[in-house]
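File shown: model-v1.pdb (PDB, C-alpha atoms).
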ATOM      1  CA  MET A   1     -11.221   0.511 -40.310
ATOM      2  CA  PRO A   2     -10.054  -0.890 -36.959
ATOM      3  CA  THR A   3     -12.414  -0.544 -34.000
ATOM      4  CA  GLU A   4     -11.070   1.867 -31.369
ATOM      5  CA  LEU A   5     -11.014  -0.044 -28.070
ATOM      6  CA  LEU A   6     -12.074   2.484 -25.468
ATOM      7  CA  TYR A   7     -11.728   0.045 -22.566
ATOM      8  CA  GLN A   8      -8.001  -0.228 -23.176
ATOM      9  CA  GLY A   9      -7.581   3.427 -22.272
ATOM     10  CA  ASP A  10     -10.174   3.501 -19.495
ATOM     11  CA  SER A  11     -11.756   0.308 -18.178
ATOM     12  CA  TYR A  12     -14.295   2.355 -16.191
ATOM     13  CA  ILE A  13     -16.171   3.776 -19.195
ATOM     14  CA  LYS A  14     -19.767   2.646 -18.759
ATOM     15  CA  GLU A  15     -21.441   4.620 -21.570
ATOM     16  CA  PHE A  16     -20.185   5.980 -24.887
ATOM     17  CA  GLU A  17     -21.327   7.242 -28.271
ATOM     18  CA  ALA A  18     -20.198   5.678 -31.528
ATOM     19  CA  VAL A  19     -21.022   5.568 -35.224
ATOM     20  CA  ILE A  20     -22.135   2.396 -37.005
ATOM     21  CA  ILE A  21     -19.688   1.664 -39.825
ATOM     22  CA  ASP A  22     -20.957  -1.777 -40.850
ATOM     23  CA  ILE A  23     -24.094  -3.810 -40.322
ATOM     24  CA  SER A  24     -25.257  -7.346 -41.031
ATOM     25  CA  ASN A  25     -28.300  -9.425 -40.169
ATOM     26  CA  ASN A  26     -27.435  -9.800 -36.505
ATOM     27  CA  TYR A  27     -24.447  -7.590 -35.728
ATOM     28  CA  VAL A  28     -23.066  -4.078 -36.069
ATOM     29  CA  VAL A  29     -19.506  -2.780 -36.169
ATOM     30  CA  LEU A  30     -18.887   0.577 -34.488
ATOM     31  CA  ASP A  31     -16.044   3.011 -35.040
ATOM     32  CA  ARG A  32     -15.250   2.672 -31.336
ATOM     33  CA  THR A  33     -16.482   0.617 -28.413
ATOM     34  CA  ALA A  34     -16.268   0.123 -24.658
ATOM     35  CA  PHE A  35     -17.642  -3.435 -25.024
ATOM     36  CA  HIS A  36     -14.933  -6.011 -24.415
ATOM     37  CA  PRO A  37     -15.143  -9.039 -26.723
ATOM     38  CA  THR A  38     -14.402 -12.539 -25.505
ATOM     39  CA  SER A  39     -10.612 -12.480 -25.889
ATOM     40  CA  GLY A  40      -7.439 -12.982 -23.933
ATOM     41  CA  GLY A  41      -9.184 -15.498 -21.713
ATOM     42  CA  VAL A  42     -11.715 -12.940 -20.468
ATOM     43  CA  ASP A  43     -15.439 -13.228 -21.132
ATOM     44  CA  LYS A  44     -17.436 -10.731 -23.167
ATOM     45  CA  ASP A  45     -19.403  -7.715 -22.006
ATOM     46  CA  VAL A  46     -23.132  -7.457 -22.571
ATOM     47  CA  GLY A  47     -25.423  -4.421 -22.442
ATOM     48  CA  VAL A  48     -27.441  -2.287 -24.857
ATOM     49  CA  LEU A  49     -27.136   0.065 -27.807
ATOM     50  CA  ILE A  50     -29.614   2.943 -27.884
ATOM     51  CA  ARG A  51     -30.815   4.954 -30.872
ATOM     52  CA  GLY A  52     -33.563   7.447 -30.199
ATOM     53  CA  ASP A  53     -36.332   5.662 -28.335
ATOM     54  CA  ARG A  54     -35.205   2.166 -29.378
ATOM     55  CA  THR A  55     -33.000  -0.102 -27.321
ATOM     56  CA  TYR A  56     -31.047  -3.040 -28.749
ATOM     57  CA  ASP A  57     -29.681  -5.818 -26.567
ATOM     58  CA  VAL A  58     -25.983  -6.595 -27.052
ATOM     59  CA  ILE A  59     -25.984 -10.365 -26.504
ATOM     60  CA  ASP A  60     -22.483 -11.186 -27.718
ATOM     61  CA  VAL A  61     -19.285  -9.343 -28.616
ATOM     62  CA  ILE A  62     -16.885 -10.960 -31.070
ATOM     63  CA  GLU A  63     -13.341  -9.990 -32.014
ATOM     64  CA  GLU A  64     -12.388 -10.628 -35.636
ATOM     65  CA  GLY A  65      -8.957  -9.311 -36.508
ATOM     66  CA  ASP A  66      -8.923  -5.605 -35.631
ATOM     67  CA  ILE A  67     -12.710  -5.132 -35.604
ATOM     68  CA  VAL A  68     -15.305  -5.849 -32.929
ATOM     69  CA  LYS A  69     -18.748  -7.185 -33.854
ATOM     70  CA  HIS A  70     -21.669  -6.428 -31.538
ATOM     71  CA  VAL A  71     -24.280  -9.168 -31.886
ATOM     72  CA  LEU A  72     -27.764  -7.734 -31.279
ATOM     73  CA  ASN A  73     -31.212  -9.193 -30.689
ATOM     74  CA  THR A  74     -32.234  -7.245 -33.826
ATOM     75  CA  THR A  75     -30.707  -4.687 -36.188
ATOM     76  CA  SER A  76     -34.048  -3.366 -37.430
ATOM     77  CA  GLY A  77     -33.967   0.435 -37.684
ATOM     78  CA  LEU A  78     -30.180   0.655 -37.726
ATOM     79  CA  GLU A  79     -27.970   1.612 -40.658
ATOM     80  CA  PRO A  80     -24.363   2.640 -41.326
ATOM     81  CA  GLY A  81     -23.579   6.257 -40.474
ATOM     82  CA  VAL A  82     -25.992   6.628 -37.553
ATOM     83  CA  THR A  83     -24.836   7.393 -34.033
ATOM     84  CA  VAL A  84     -25.781   5.105 -31.161
ATOM     85  CA  ARG A  85     -25.174   5.189 -27.432
ATOM     86  CA  GLY A  86     -23.668   2.099 -25.860
ATOM     87  CA  VAL A  87     -24.275   1.137 -22.242
ATOM     88  CA  ILE A  88     -22.447  -1.850 -20.808
ATOM     89  CA  ASP A  89     -23.724  -4.075 -17.988
ATOM     90  CA  TRP A  90     -21.458  -2.581 -15.355
ATOM     91  CA  ASN A  91     -22.053  -5.143 -12.599
ATOM     92  CA  ARG A  92     -20.919  -7.923 -14.939
ATOM     93  CA  ARG A  93     -17.954  -5.916 -16.255
ATOM     94  CA  TYR A  94     -16.718  -4.922 -12.818
ATOM     95  CA  ARG A  95     -16.659  -8.527 -11.612
ATOM     96  CA  LEU A  96     -14.742  -9.480 -14.764
ATOM     97  CA  MET A  97     -12.236  -6.725 -14.013
ATOM     98  CA  ARG A  98     -11.766  -7.814 -10.394
ATOM     99  CA  LEU A  99     -11.296 -11.452 -11.393
ATOM    100  CA  HIS A 100      -9.000 -10.556 -14.293
ATOM    101  CA  THR A 101      -6.636  -8.595 -12.058
ATOM    102  CA  THR A 102      -6.787 -11.467  -9.558
ATOM    103  CA  ALA A 103      -5.704 -13.830 -12.337
ATOM    104  CA  HIS A 104      -2.629 -11.688 -12.992
ATOM    105  CA  ILE A 105      -1.650 -11.693  -9.322
ATOM    106  CA  LEU A 106      -2.174 -15.453  -9.018
ATOM    107  CA  SER A 107      -0.125 -16.142 -12.142
ATOM    108  CA  ALA A 108       2.686 -13.992 -10.740
ATOM    109  CA  VAL A 109       2.642 -15.889  -7.443
ATOM    110  CA  MET A 110       2.656 -19.268  -9.177
ATOM    111  CA  TYR A 111       5.428 -18.172 -11.541
ATOM    112  CA  ARG A 112       7.624 -16.819  -8.767
ATOM    113  CA  LYS A 113       7.164 -19.735  -6.353
ATOM    114  CA  PHE A 114       7.012 -22.691  -8.743
ATOM    115  CA  GLY A 115       8.069 -21.442 -12.162
ATOM    116  CA  ALA A 116       4.574 -22.447 -13.284
ATOM    117  CA  LEU A 117       3.153 -21.035 -16.510
ATOM    118  CA  ILE A 118      -0.476 -20.748 -17.583
ATOM    119  CA  THR A 119      -1.550 -23.507 -19.968
ATOM    120  CA  GLY A 120      -5.208 -22.495 -20.142
ATOM    121  CA  GLY A 121      -7.947 -20.621 -18.372
ATOM    122  CA  HIS A 122     -10.907 -18.280 -18.585
ATOM    123  CA  VAL A 123     -12.416 -15.443 -16.574
ATOM    124  CA  TYR A 124     -16.208 -15.600 -16.236
ATOM    125  CA  PRO A 125     -18.349 -13.088 -14.322
ATOM    126  CA  ASP A 126     -18.916 -15.504 -11.413
ATOM    127  CA  TYR A 127     -15.556 -17.252 -11.211
ATOM    128  CA  ALA A 128     -12.253 -17.831 -12.962
ATOM    129  CA  ARG A 129     -10.246 -20.939 -13.706
ATOM    130  CA  ASP A 130      -6.569 -21.312 -14.553
ATOM    131  CA  ASP A 131      -4.439 -24.281 -15.571
ATOM    132  CA  PHE A 132      -0.808 -24.282 -14.461
ATOM    133  CA  SER A 133       2.171 -26.294 -15.704
ATOM    134  CA  LEU A 134       2.746 -28.100 -12.417
ATOM    135  CA  GLU A 135       3.979 -31.677 -12.145
ATOM    136  CA  VAL A 136       2.767 -32.177  -8.567
ATOM    137  CA  PHE A 137      -0.916 -32.029  -7.656
ATOM    138  CA  GLU A 138      -1.465 -30.825  -4.102
ATOM    139  CA  ARG A 139      -4.377 -28.693  -2.913
ATOM    140  CA  ASN A 140      -2.224 -26.925  -0.338
ATOM    141  CA  ILE A 141      -0.148 -25.391  -3.155
ATOM    142  CA  PHE A 142      -3.191 -23.435  -4.315
ATOM    143  CA  GLU A 143      -4.406 -22.738  -0.767
ATOM    144  CA  GLU A 144      -1.088 -21.069   0.007
ATOM    145  CA  ALA A 145      -1.064 -19.228  -3.327
ATOM    146  CA  ILE A 146      -4.562 -17.812  -2.789
ATOM    147  CA  ALA A 147      -3.580 -16.737   0.732
ATOM    148  CA  GLU A 148      -0.619 -14.866  -0.733
ATOM    149  CA  VAL A 149      -2.887 -13.314  -3.387
ATOM    150  CA  ASN A 150      -5.170 -11.996  -0.634
ATOM    151  CA  ASN A 151      -2.210 -10.497   1.215
ATOM    152  CA  ILE A 152      -1.192  -8.677  -1.981
ATOM    153  CA  VAL A 153      -4.751  -7.506  -2.631
ATOM    154  CA  LYS A 154      -4.959  -5.950   0.846
ATOM    155  CA  ARG A 155      -1.897  -3.818   0.176
ATOM    156  CA  GLY A 156      -3.895  -1.597  -2.173
ATOM    157  CA  ILE A 157      -1.371  -1.446  -4.991
ATOM    158  CA  GLU A 158      -2.067   0.821  -7.970
ATOM    159  CA  VAL A 159      -2.495  -1.060 -11.262
ATOM    160  CA  LYS A 160      -0.668   0.750 -14.056
ATOM    161  CA  VAL A 161      -1.502   0.523 -17.768
ATOM    162  CA  TYR A 162       0.798   1.821 -20.518
ATOM    163  CA  TRP A 163       2.150   0.971 -23.971
ATOM    164  CA  LEU A 164       5.645  -0.096 -25.089
ATOM    165  CA  PRO A 165       7.247  -0.960 -28.433
ATOM    166  CA  ARG A 166       7.057  -4.722 -28.936
ATOM    167  CA  GLU A 167      10.836  -5.183 -29.041
ATOM    168  CA  GLU A 168      11.218  -3.357 -25.727
ATOM    169  CA  ALA A 169       8.332  -5.209 -24.065
ATOM    170  CA  LEU A 170       9.640  -8.645 -25.015
ATOM    171  CA  LYS A 171      12.901  -7.933 -23.173
ATOM    172  CA  ILE A 172      11.069  -7.730 -19.838
ATOM    173  CA  PRO A 173      11.383 -10.981 -17.828
ATOM    174  CA  GLY A 174       7.979 -12.599 -17.260
ATOM    175  CA  ILE A 175       6.201 -10.255 -19.689
ATOM    176  CA  THR A 176       3.936 -13.207 -20.351
ATOM    177  CA  LYS A 177       3.028 -16.034 -17.977
ATOM    178  CA  LEU A 178       1.591 -18.056 -20.872
ATOM    179  CA  ALA A 179       3.207 -21.354 -21.751
ATOM    180  CA  GLU A 180       2.490 -20.549 -25.416
ATOM    181  CA  ARG A 181       4.325 -17.318 -26.237
ATOM    182  CA  SER A 182       2.805 -17.481 -29.714
ATOM    183  CA  LEU A 183      -0.448 -16.301 -28.110
ATOM    184  CA  LEU A 184       1.075 -12.887 -27.473
ATOM    185  CA  PRO A 185      -0.367 -10.151 -29.706
ATOM    186  CA  SER A 186       1.687  -9.456 -32.837
ATOM    187  CA  THR A 187       1.119  -5.691 -32.714
ATOM    188  CA  PRO A 188       4.187  -3.391 -32.919
ATOM    189  CA  ILE A 189       3.005  -1.570 -29.788
ATOM    190  CA  MET A 190       2.032  -3.699 -26.789
ATOM    191  CA  ARG A 191      -0.289  -2.746 -23.949
ATOM    192  CA  ILE A 192       1.332  -3.438 -20.594
ATOM    193  CA  VAL A 193      -0.459  -4.020 -17.298
ATOM    194  CA  GLU A 194       1.827  -3.643 -14.283
ATOM    195  CA  ILE A 195       1.204  -4.205 -10.595
ATOM    196  CA  PRO A 196       4.444  -2.685  -9.264
ATOM    197  CA  GLY A 197       6.568  -5.128  -7.315
ATOM    198  CA  ILE A 198       4.186  -7.984  -8.120
ATOM    199  CA  ASP A 199       3.592  -8.508 -11.813
ATOM    200  CA  ILE A 200       4.043  -7.099 -15.295
ATOM    201  CA  GLN A 201       2.349  -8.621 -18.345
ATOM    202  CA  ALA A 202       1.354  -7.782 -21.897
ATOM    203  CA  ASP A 203      -2.427  -7.714 -21.813
ATOM    204  CA  GLY A 204      -5.321  -6.151 -23.719
ATOM    205  CA  GLY A 205      -8.240  -6.525 -21.312
ATOM    206  CA  PRO A 206      -9.945  -4.413 -18.625
ATOM    207  CA  HIS A 207      -8.555  -4.254 -15.058
ATOM    208  CA  VAL A 208      -9.290  -2.494 -11.786
ATOM    209  CA  LYS A 209      -7.211   0.564 -10.862
ATOM    210  CA  ASN A 210      -6.159  -0.715  -7.442
ATOM    211  CA  THR A 211      -5.793  -4.222  -6.023
ATOM    212  CA  ALA A 212      -7.930  -3.249  -2.999
ATOM    213  CA  GLU A 213     -10.964  -3.176  -5.306
ATOM    214  CA  ILE A 214     -10.719  -6.945  -5.737
ATOM    215  CA  GLY A 215     -11.911  -7.781  -2.230
ATOM    216  CA  LEU A 216     -11.611 -11.270  -0.776
ATOM    217  CA  VAL A 217     -10.432 -14.002  -3.161
ATOM    218  CA  LYS A 218     -11.867 -17.444  -2.409
ATOM    219  CA  LEU A 219     -10.553 -20.824  -3.540
ATOM    220  CA  LEU A 220     -13.412 -22.932  -4.948
ATOM    221  CA  LYS A 221     -11.798 -26.202  -6.020
ATOM    222  CA  VAL A 222      -8.746 -27.753  -7.659
ATOM    223  CA  GLU A 223      -8.490 -30.491 -10.280
ATOM    224  CA  ASN A 224      -5.761 -32.659 -11.754
ATOM    225  CA  ARG A 225      -6.330 -32.340 -15.506
ATOM    226  CA  GLY A 226      -3.215 -34.273 -16.501
ATOM    227  CA  LYS A 227       0.535 -33.798 -16.818
ATOM    228  CA  LYS A 228       1.495 -30.170 -16.311
ATOM    229  CA  LYS A 229      -2.164 -29.161 -16.195
ATOM    230  CA  LYS A 230      -3.319 -28.508 -12.657
ATOM    231  CA  ARG A 231      -6.528 -26.489 -12.555
ATOM    232  CA  VAL A 232      -7.726 -24.069  -9.920
ATOM    233  CA  TYR A 233     -11.140 -22.413  -9.647
ATOM    234  CA  TYR A 234     -11.579 -19.242  -7.617
ATOM    235  CA  THR A 235     -13.913 -16.291  -7.173
ATOM    236  CA  VAL A 236     -14.176 -12.918  -5.446
ATOM    237  CA  GLU A 237     -16.683 -11.868  -2.814
ATOM    238  CA  PRO A 238     -19.911 -10.323  -4.204
TER     239      PRO A 238
END

What is this file in structure tokens?
Amino acid sequence: MPTELLYQGDSYIKEFEAVIIDISNNYVVLDRTAFHPTSGGVDKDVGVLIRGDRTYDVIDVIEEGDIVKHVLNTTSGLEPGVTVRGVIDWNRRYRLMRLHTTAHILSAVMYRKFGALITGGHVYPDYARDDFSLEVFERNIFEEAIAEVNNIVKRGIEVKVYWLPREEALKIPGITKLAERSLLPSTPIMRIVEIPGIDIQADGGPHVKNTAEIGLVKLLKVENRGKKKKRVYYTVEP
């Protein structure tokens, strides 16, 4: 059975209860989870699963099709059918959320100003990097873009999350800022993340509720990675 992704409905869930439906030597599959797997260019959550007086470290979270595998330091004492309590590392998750929403704003700015699409990237807890399909390599392009991102962040715009039929979603201009549209999910219903007046994208990961939560965005460095692959590294204040 598919894993219910609790974070898609509420990215602020820190603890939850779930039932183990499958178990292997080093991982368990739960009927539902608030742990975000490494997917969509966003890094995994870590944390613990608790059963009774035993605590199990969640050291990796892997998405395989429509199930999520929680890789543990040990599965001793666990079995299918038992209920566990999951607790995510909130400090790590919250930074991922702030940086992920930043990535959406930056991609919108780059798309609007330069028609640039994302050709690669990843959100880590400490920083994020994005590659854009730019021909010209100039640091000031990214300096100006980050300045605009910070102006948007300060406006305190509500981040909306909702679902649309795939056919309807794909009619929205800029519904993806990815150069490879084939990377869009193939599901009949698509999760939409909208920052009104700024950006709208199909996306499955966790985000903050308001842009003001992001704080100050800082440019770290830029790199020329080749034709139509200009990379920018950035972070948010602690």

Separation of atom CA of Leu49 of chain A and atom CA of Tyr94 of chain A, in Å? 18.9 Å

Interatomic distance, atom CA of Ala103 of chain A to atom CA of Val123 of chain A (Å, one decimal): 8.1 Å

Residues matched by the PyMOL selection byres ((chain A and resi 45) around 9) as a PyMOL selection string: chain A and resi 34-38+43-44+46-47+58-61+88-90+92-93+96

Translate the PyMOL selection byres ((chain A and resi 175) around 6) into a concrete residue list for this structure, as a PDB file with C-alpha atoms, in the frame of the given file.
ATOM      1  CA  ILE A 172      11.069  -7.730 -19.838  1.00  0.00           C
ATOM      2  CA  PRO A 173      11.383 -10.981 -17.828  1.00  0.00           C
ATOM      3  CA  GLY A 174       7.979 -12.599 -17.260  1.00  0.00           C
ATOM      4  CA  THR A 176       3.936 -13.207 -20.351  1.00  0.00           C
ATOM      5  CA  ILE A 200       4.043  -7.099 -15.295  1.00  0.00           C
ATOM      6  CA  GLN A 201       2.349  -8.621 -18.345  1.00  0.00           C
ATOM      7  CA  ALA A 202       1.354  -7.782 -21.897  1.00  0.00           C
TER       8      ALA A 202
END

For Pro206 of chain A, which residue among A:Arg95, A:Lys230, A:His122, A:Arg166 is the nearest when counting only C-alpha atoms? A:Arg95

For segment 211-226 of chain A, find every residue with an atom within 6 Å (counting all atoms listed in the file), except residues of its own chain fewer than 6 positions away, and show them as a ChimeraX atom specification. /A:98,153-154,156-157,232-237

May I have the selected residues written with C-alpha atoms, as a short mmCIF file (atom, residue, chain, number, x, y, z; two decimals), keeping the file's coordinate frame?
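Result saved to out09.cif:
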data_model
loop_
_atom_site.label_atom_id
_atom_site.label_comp_id
_atom_site.auth_asym_id
_atom_site.auth_seq_id
_atom_site.Cartn_x
_atom_site.Cartn_y
_atom_site.Cartn_z
CA ARG A 98 -11.77 -7.81 -10.39
CA VAL A 153 -4.75 -7.51 -2.63
CA LYS A 154 -4.96 -5.95 0.85
CA GLY A 156 -3.90 -1.60 -2.17
CA ILE A 157 -1.37 -1.45 -4.99
CA VAL A 232 -7.73 -24.07 -9.92
CA TYR A 233 -11.14 -22.41 -9.65
CA TYR A 234 -11.58 -19.24 -7.62
CA THR A 235 -13.91 -16.29 -7.17
CA VAL A 236 -14.18 -12.92 -5.45
CA GLU A 237 -16.68 -11.87 -2.81
#

Might you spell out which residues the PyMOL selection byres ((chain A and resi 120) around 7) would select in the displayed file, as a PyMOL selection string? chain A and resi 118-119+121+130-131

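With atom CA of Leu164 of chain A on one side and atom CA of Glu194 of chain A on the other, the separation reads 12.0 Å.
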
Compile the contact shell of segment 19-29 of chain A as a PyMOL selection string: residues with an atom at most 10 Å away, counting all atoms listed in the file, same-chain residues fewer than 2 positions apart removed. chain A and resi 1-3+17+31-33+58-62+67-76+78-85

Of the listed residues A:Leu99, A:Ile105, A:Met190, A:Leu184, that which approaches Gly40 of chain A most closely, counting all atoms listed in the file: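 Residue with the minimum atom-to-atom distance to Gly40 of chain A: A:Leu184.
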
Protein, DNA and RNA residues within 8 Å of (-12.2, -1.9, -20.5), all atoms listed in the file, as a PyMOL selection string: chain A and resi 5-13+34-36+205-207

Segment 29-42 of chain A, all listed atoms, 5 Å padding on each side: what axis-aligned box centre and edge lengths in Å to one decimal come out, as JSON?
{"center_x": -13.5, "center_y": -6.2, "center_z": -28.3, "size_x": 22.1, "size_y": 28.5, "size_z": 25.7}

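Proximity of A:Val161, A:Met97, A:Ala128, A:Val208 to Arg191 of chain A, computed with all atoms listed in the file, is greatest for A:Val161.
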
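Using all atoms listed in the file, the shortest contact distance between His100 of chain A and any of A:Pro165, A:Gly41, A:Gly86, A:Gly197 is found at A:Gly41.
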